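Please read the structure below before turning to the comments.
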Amino acid sequence: MKSRKRIFLLMGIPLVLSGCSSTSSTLSSESSSEDVVLKGNGSVVTTGQNVDYDADGNVIEPEEGDDFYGQDADYDSPAFSFTSWEDTVIDNNTGLMWQAVPSDDKFSWSEAVDYCDNLELDGFTEWRLPTAEELFSISDFEEGWPYLDTDYFSFPSSTISGPGGDGSPQGRVNADDDSSESISKDQGQFWTSNYYKVTEEGAAKDVAFGVNHATGHIKAYPASVTGTMGKHVRAVRGDEYGVSNFTDNNDGTITDETSGLMWMSADLDEAMDWEDALDSAENSTFAGYTDWRLPDVKELQSIVNYDGSYPAIDQSLFTCSDFEENENYYYWTGTSAYFSKLNPGYGYAWYVAFGFAVGNDGLDSHGAGAVRFSPKYENSQFEGEGGDNMLNSVRLVRNI
């Protein structure tokens, strides 16, 4: 039975601290590194989005069977659960410990790796660059800009001035505003450990993926650029989170034993707008199951393969349909978005680019595996970022 999400469920396994559990709290100043044992699970943590929107960004409250039902707000998922301690934050769901206050310095990708290798923080030295899935796991899509809970995580100081923060229409609302709403794109760009390995003709070269916790995106950035054009680092420690363990069920479905999600091996073999994607998911009875849904943005990103496969997915298990109107394998999610604080209408939805994430010039500017958003339908009043589609592919998911 499909479940309407009115509140988030706490399903994460909490950290162990001297025999006690703690969620969304602060560790005692008397605690030491020996008191912390990190424990987590592979569940995909909530996006935080608990409101439904129509194709034009209006808030709606659809019931099952209504148009636009099946978004993030309509399904349960593990709630955010953080514990603060001095200069670090522990995610009680994933079992990861994070650097709470990043350095103001900016790095090339290789410099970022070295920085983490040499970092000592709160008595720990085993720091590393997070994977894209790990860094994306702390993204908060409840509202956005920034896409991060600033009660737990800080941003570096801005290195770019001007009324737009970085000169873009997605920059600051007010350049003199020091609140979280004034975070610029530049401040939000953080490296991941995923160097871009795709060698397909036309693939971007010498780039690595980053998560932008100002704008919410995952995009590839030039890896060798340093100084003011470099990116920031938020180091992590703990066992790697989100490593998929796929099982082929031999009925057209694939189960990820790590996340507890079942996926369609093939997509729906049709490029469609966002409303039709939601409707197709809610009415699917594929393989005898009636609880299929459109994946949220974190769920769909969790099956991206950053090891050089093109499209960026395990092709021994999954297939991607070819369409002239969606030649770069963009796939819808059920997560809405708005362009910026300057343009706050939720007339956009997030998608995952399993093929090249192209700009207006058609070139692979952001890499296979990027996460971006586009208007929800053709001829929308909302303008795209460049290289977007409004007719995208759909791969359904369900909980096992």
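Order determines the names: the first chain of the structure tokens is A, the second B, and so forth; residues in each chain are numbered 1 upward, and ligands are numbered 1 upward as they are shown.
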Distance query stretch 95-97 of chain A at most 7 Å, only C-alpha atoms, self and fewer than 3 positions along chain excluded, as a PyMOL selection string: chain A and resi 15+38-40+88-92+236-238
Quick one: residues within 10 Å of stretch 138-152 of chain A, only C-alpha atoms, excluding same-chain residues fewer than 5 positions away - as number ranges by chain? A: 24-26, 45-51, 73, 80-85, 87-91, 94, 98-101, 133, 170-172, 179-185, 187-188, 211-217, 297-298, 335-341, 344, 346
Nearby residues (only C-alpha atoms) at most 8 Å from stretch 360-375 of chain A, same-chain spacing under 2 positions excluded, as a PyMOL selection string: chain A and resi 196+198+202-204+209+217-221+301+304-306+310-312+337+347-358+377-378+380+382-390
Any chance you could export the current selection's C-alpha atoms as a PDB file, in the first residue's frame?
```pdb
ATOM      1  CA  TYR A 196      35.749  11.674 -14.665  1.00  0.00           C
ATOM      2  CA  VAL A 198      34.494   8.349 -19.419  1.00  0.00           C
ATOM      3  CA  GLY A 202      33.161  13.913 -26.952  1.00  0.00           C
ATOM      4  CA  ALA A 203      33.667  13.353 -23.214  1.00  0.00           C
ATOM      5  CA  ALA A 204      35.051  16.242 -21.188  1.00  0.00           C
ATOM      6  CA  PHE A 209      32.905  15.740 -10.077  1.00  0.00           C
ATOM      7  CA  HIS A 217      23.896  20.238  -8.467  1.00  0.00           C
ATOM      8  CA  ILE A 218      26.474  17.553  -9.133  1.00  0.00           C
ATOM      9  CA  LYS A 219      28.732  18.750 -11.943  1.00  0.00           C
ATOM     10  CA  ALA A 220      32.226  18.089 -13.278  1.00  0.00           C
ATOM     11  CA  TYR A 221      34.816  20.847 -12.832  1.00  0.00           C
ATOM     12  CA  GLN A 301      21.885   9.234  -8.213  1.00  0.00           C
ATOM     13  CA  VAL A 304      25.175   6.171 -11.194  1.00  0.00           C
ATOM     14  CA  ASN A 305      28.382   4.375 -12.186  1.00  0.00           C
ATOM     15  CA  TYR A 306      31.340   6.778 -12.070  1.00  0.00           C
ATOM     16  CA  TYR A 310      28.835   5.181 -20.818  1.00  0.00           C
ATOM     17  CA  PRO A 311      25.968   5.649 -20.184  1.00  0.00           C
ATOM     18  CA  ALA A 312      27.026   6.036 -16.547  1.00  0.00           C
ATOM     19  CA  ALA A 337      13.563  22.544  -7.745  1.00  0.00           C
ATOM     20  CA  GLY A 347       8.642  24.897 -11.898  1.00  0.00           C
ATOM     21  CA  TYR A 348      11.754  22.740 -12.299  1.00  0.00           C
ATOM     22  CA  ALA A 349      12.464  19.097 -11.489  1.00  0.00           C
ATOM     23  CA  TRP A 350      15.791  17.407 -10.904  1.00  0.00           C
ATOM     24  CA  TYR A 351      17.126  14.876 -13.390  1.00  0.00           C
ATOM     25  CA  VAL A 352      20.213  12.655 -13.559  1.00  0.00           C
ATOM     26  CA  ALA A 353      22.295  12.750 -16.730  1.00  0.00           C
ATOM     27  CA  PHE A 354      23.510   9.200 -17.369  1.00  0.00           C
ATOM     28  CA  GLY A 355      24.930  10.494 -20.644  1.00  0.00           C
ATOM     29  CA  PHE A 356      26.789  13.708 -21.379  1.00  0.00           C
ATOM     30  CA  ALA A 357      25.481  16.719 -19.444  1.00  0.00           C
ATOM     31  CA  VAL A 358      25.696  19.250 -22.241  1.00  0.00           C
ATOM     32  CA  TYR A 377       7.296  20.427 -19.558  1.00  0.00           C
ATOM     33  CA  GLU A 378       7.775  21.865 -23.025  1.00  0.00           C
ATOM     34  CA  SER A 380       7.009  26.094 -19.723  1.00  0.00           C
ATOM     35  CA  PHE A 382      10.434  28.689 -16.777  1.00  0.00           C
ATOM     36  CA  GLU A 383      13.681  28.849 -18.716  1.00  0.00           C
ATOM     37  CA  GLY A 384      16.219  26.025 -18.787  1.00  0.00           C
ATOM     38  CA  GLU A 385      19.868  26.260 -17.789  1.00  0.00           C
ATOM     39  CA  GLY A 386      21.143  25.270 -21.222  1.00  0.00           C
ATOM     40  CA  GLY A 387      21.330  21.795 -22.707  1.00  0.00           C
ATOM     41  CA  ASP A 388      18.237  20.676 -20.788  1.00  0.00           C
ATOM     42  CA  ASN A 389      15.403  18.475 -22.011  1.00  0.00           C
ATOM     43  CA  MET A 390      11.765  18.655 -21.039  1.00  0.00           C
TER      44      MET A 390
END
```
Among the residues of stretch 293-399 of chain A, find those DSSP assigns to strand (DSSP E or B) from the backbone and print them as an mmCIF file with C-alpha atoms, in the first residue's frame.
```cif
data_model
loop_
_atom_site.group_PDB
_atom_site.id
_atom_site.type_symbol
_atom_site.label_atom_id
_atom_site.label_comp_id
_atom_site.auth_asym_id
_atom_site.auth_seq_id
_atom_site.Cartn_x
_atom_site.Cartn_y
_atom_site.Cartn_z
ATOM 1 C CA ARG A 293 7.261 5.171 -8.062
ATOM 2 C CA TYR A 330 18.538 12.226 -18.967
ATOM 3 C CA TYR A 331 16.200 10.617 -16.400
ATOM 4 C CA TRP A 332 13.507 12.317 -14.332
ATOM 5 C CA THR A 333 13.292 12.254 -10.556
ATOM 6 C CA GLY A 334 10.292 13.100 -8.363
ATOM 7 C CA THR A 335 12.149 15.988 -6.708
ATOM 8 C CA SER A 336 11.188 19.572 -7.588
ATOM 9 C CA ALA A 337 13.563 22.544 -7.745
ATOM 10 C CA SER A 340 17.506 30.544 -7.363
ATOM 11 C CA ASN A 343 13.626 33.081 -9.167
ATOM 12 C CA TYR A 348 11.754 22.740 -12.299
ATOM 13 C CA ALA A 349 12.464 19.097 -11.489
ATOM 14 C CA TRP A 350 15.791 17.407 -10.904
ATOM 15 C CA TYR A 351 17.126 14.876 -13.390
ATOM 16 C CA VAL A 352 20.213 12.655 -13.559
ATOM 17 C CA ALA A 353 22.295 12.750 -16.730
ATOM 18 C CA VAL A 358 25.696 19.250 -22.241
ATOM 19 C CA ASP A 364 29.850 17.610 -22.505
ATOM 20 C CA ALA A 370 25.803 14.998 -13.400
ATOM 21 C CA VAL A 371 22.634 15.997 -11.524
ATOM 22 C CA ARG A 372 20.795 19.060 -12.826
ATOM 23 C CA PHE A 373 17.246 20.392 -13.169
ATOM 24 C CA SER A 374 15.025 21.512 -16.037
ATOM 25 C CA PRO A 375 11.516 22.897 -16.581
ATOM 26 C CA ASN A 392 13.238 12.733 -20.376
ATOM 27 C CA SER A 393 13.451 8.994 -19.749
ATOM 28 C CA VAL A 397 11.923 2.105 -8.317
ATOM 29 C CA ARG A 398 10.203 0.446 -5.376
ATOM 30 C CA ASN A 399 11.169 -0.558 -1.840
#
```
Would you kindly return, as a list in words, each protein, DNA or RNA residue with an atom no farther than 8 Å from any atom of A:Glu134, considering only C-alpha atoms and excluding same-chain residues fewer than 2 positions away? Pro130, Thr131, Ala132, Phe136, Ser137, Ile138, Glu240, Tyr241 and Gly242 of chain A
With distances taken over only C-alpha atoms, the candidate from A:Phe318, A:Trp274, A:Phe323, A:Trp127 nearest A:Arg234 is A:Trp127
Once DSSP has gone over the backbone, tell me which residues of stretch 187-346 of chain A are in helix (DSSP H, G or I), as a list in words.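 Of stretch 187-346 of chain A, only Gln187, Gly188, Gly227, Thr228, Met229, Trp274, Glu275, Asp276, Ala277, Leu278, Asp279, Ser280, Ala281, Glu282, Phe286, Ala287, Gly288, Val297, Lys298, Glu299, Leu300, Gln301, Glu324, Glu325 and Asn326 of chain A fall in helix (DSSP H, G or I).
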Those same residues, written as a PDB file, in the first residue's frame with C-alpha atoms?
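To be explicit, this is the file written out as selection14.pdb:
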```pdb
ATOM      1  CA  GLN A 187      31.147  28.979  -1.862  1.00  0.00           C
ATOM      2  CA  GLY A 188      29.090  25.868  -2.520  1.00  0.00           C
ATOM      3  CA  GLY A 227      44.013  29.095  -6.742  1.00  0.00           C
ATOM      4  CA  THR A 228      40.886  31.252  -6.923  1.00  0.00           C
ATOM      5  CA  MET A 229      39.397  28.977  -9.594  1.00  0.00           C
ATOM      6  CA  TRP A 274       7.446  15.298 -15.691  1.00  0.00           C
ATOM      7  CA  GLU A 275       3.700  14.943 -15.075  1.00  0.00           C
ATOM      8  CA  ASP A 276       3.518  11.921 -17.393  1.00  0.00           C
ATOM      9  CA  ALA A 277       6.563  10.430 -15.659  1.00  0.00           C
ATOM     10  CA  LEU A 278       4.814  10.621 -12.275  1.00  0.00           C
ATOM     11  CA  ASP A 279       1.599   9.216 -13.730  1.00  0.00           C
ATOM     12  CA  SER A 280       3.359   6.332 -15.506  1.00  0.00           C
ATOM     13  CA  ALA A 281       5.126   5.353 -12.290  1.00  0.00           C
ATOM     14  CA  GLU A 282       1.962   5.412 -10.179  1.00  0.00           C
ATOM     15  CA  PHE A 286       5.539  -4.121 -14.028  1.00  0.00           C
ATOM     16  CA  ALA A 287       6.671  -7.618 -12.922  1.00  0.00           C
ATOM     17  CA  GLY A 288       3.474  -7.931 -10.874  1.00  0.00           C
ATOM     18  CA  VAL A 297      16.978  12.572  -6.797  1.00  0.00           C
ATOM     19  CA  LYS A 298      19.166  10.831  -4.206  1.00  0.00           C
ATOM     20  CA  GLU A 299      17.783   7.399  -5.061  1.00  0.00           C
ATOM     21  CA  LEU A 300      18.420   7.798  -8.779  1.00  0.00           C
ATOM     22  CA  GLN A 301      21.885   9.234  -8.213  1.00  0.00           C
ATOM     23  CA  GLU A 324      16.369  11.566 -30.632  1.00  0.00           C
ATOM     24  CA  GLU A 325      14.733  13.961 -28.158  1.00  0.00           C
ATOM     25  CA  ASN A 326      16.798  12.583 -25.256  1.00  0.00           C
TER      26      ASN A 326
END
```
Please list as an MDAnalysis selection string every residue within 12 Å of A:Asn118, counting only C-alpha atoms and excluding residues in the same chain fewer than 5 positions away. chainID A and resid 111:113 124:129 235
Please, which residues in stretch 184-278 of chain A fall within 10 Å of stretch 104-109 of chain A when counting only C-alpha atoms, and what is the closest atom pair and distance in Å to one decimal for each, ordered by chain then residue number, as a Markdown table?
```
| residue | atom | partner | partner_atom | distance |
| --- | --- | --- | --- | --- |
| A:Gln187 | CA | A:Asp104 | CA | 8.9 |
| A:Gln189 | CA | A:Lys106 | CA | 9.7 |
| A:Phe190 | CA | A:Lys106 | CA | 9.2 |
| A:Trp191 | CA | A:Trp109 | CA | 6.8 |
| A:Thr192 | CA | A:Trp109 | CA | 8.4 |
| A:Ser193 | CA | A:Trp109 | CA | 8.3 |
| A:Asn194 | CA | A:Trp109 | CA | 9.7 |
| A:Tyr195 | CA | A:Trp109 | CA | 8.4 |
| A:Asp206 | CA | A:Trp109 | CA | 9.9 |
| A:Val207 | CA | A:Trp109 | CA | 8.5 |
| A:Ala208 | CA | A:Trp109 | CA | 7.1 |
| A:Phe209 | CA | A:Trp109 | CA | 9.2 |
| A:Gly210 | CA | A:Trp109 | CA | 9.6 |
| A:Tyr221 | CA | A:Trp109 | CA | 9.0 |
| A:Pro222 | CA | A:Ser108 | CA | 8.2 |
| A:Ala223 | CA | A:Trp109 | CA | 5.0 |
| A:Ser224 | CA | A:Ser108 | CA | 5.2 |
| A:Val225 | CA | A:Ser108 | CA | 5.3 |
| A:Thr226 | CA | A:Ser108 | CA | 4.5 |
| A:Gly227 | CA | A:Lys106 | CA | 6.0 |
| A:Thr228 | CA | A:Lys106 | CA | 6.5 |
| A:Met229 | CA | A:Lys106 | CA | 7.5 |
| A:Gly230 | CA | A:Phe107 | CA | 4.7 |
| A:Lys231 | CA | A:Lys106 | CA | 5.0 |
| A:His232 | CA | A:Lys106 | CA | 4.9 |
| A:Val233 | CA | A:Lys106 | CA | 7.6 |
```
Could you tell me which of A:Ile254, A:Ile313, A:Val59, A:Cys320 comes closest to A:Gly345 if we count only C-alpha atoms? A:Val59
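What separates atom CA of A:Ser309 from atom CA of A:Asp248 is a distance of 18.7 Å.
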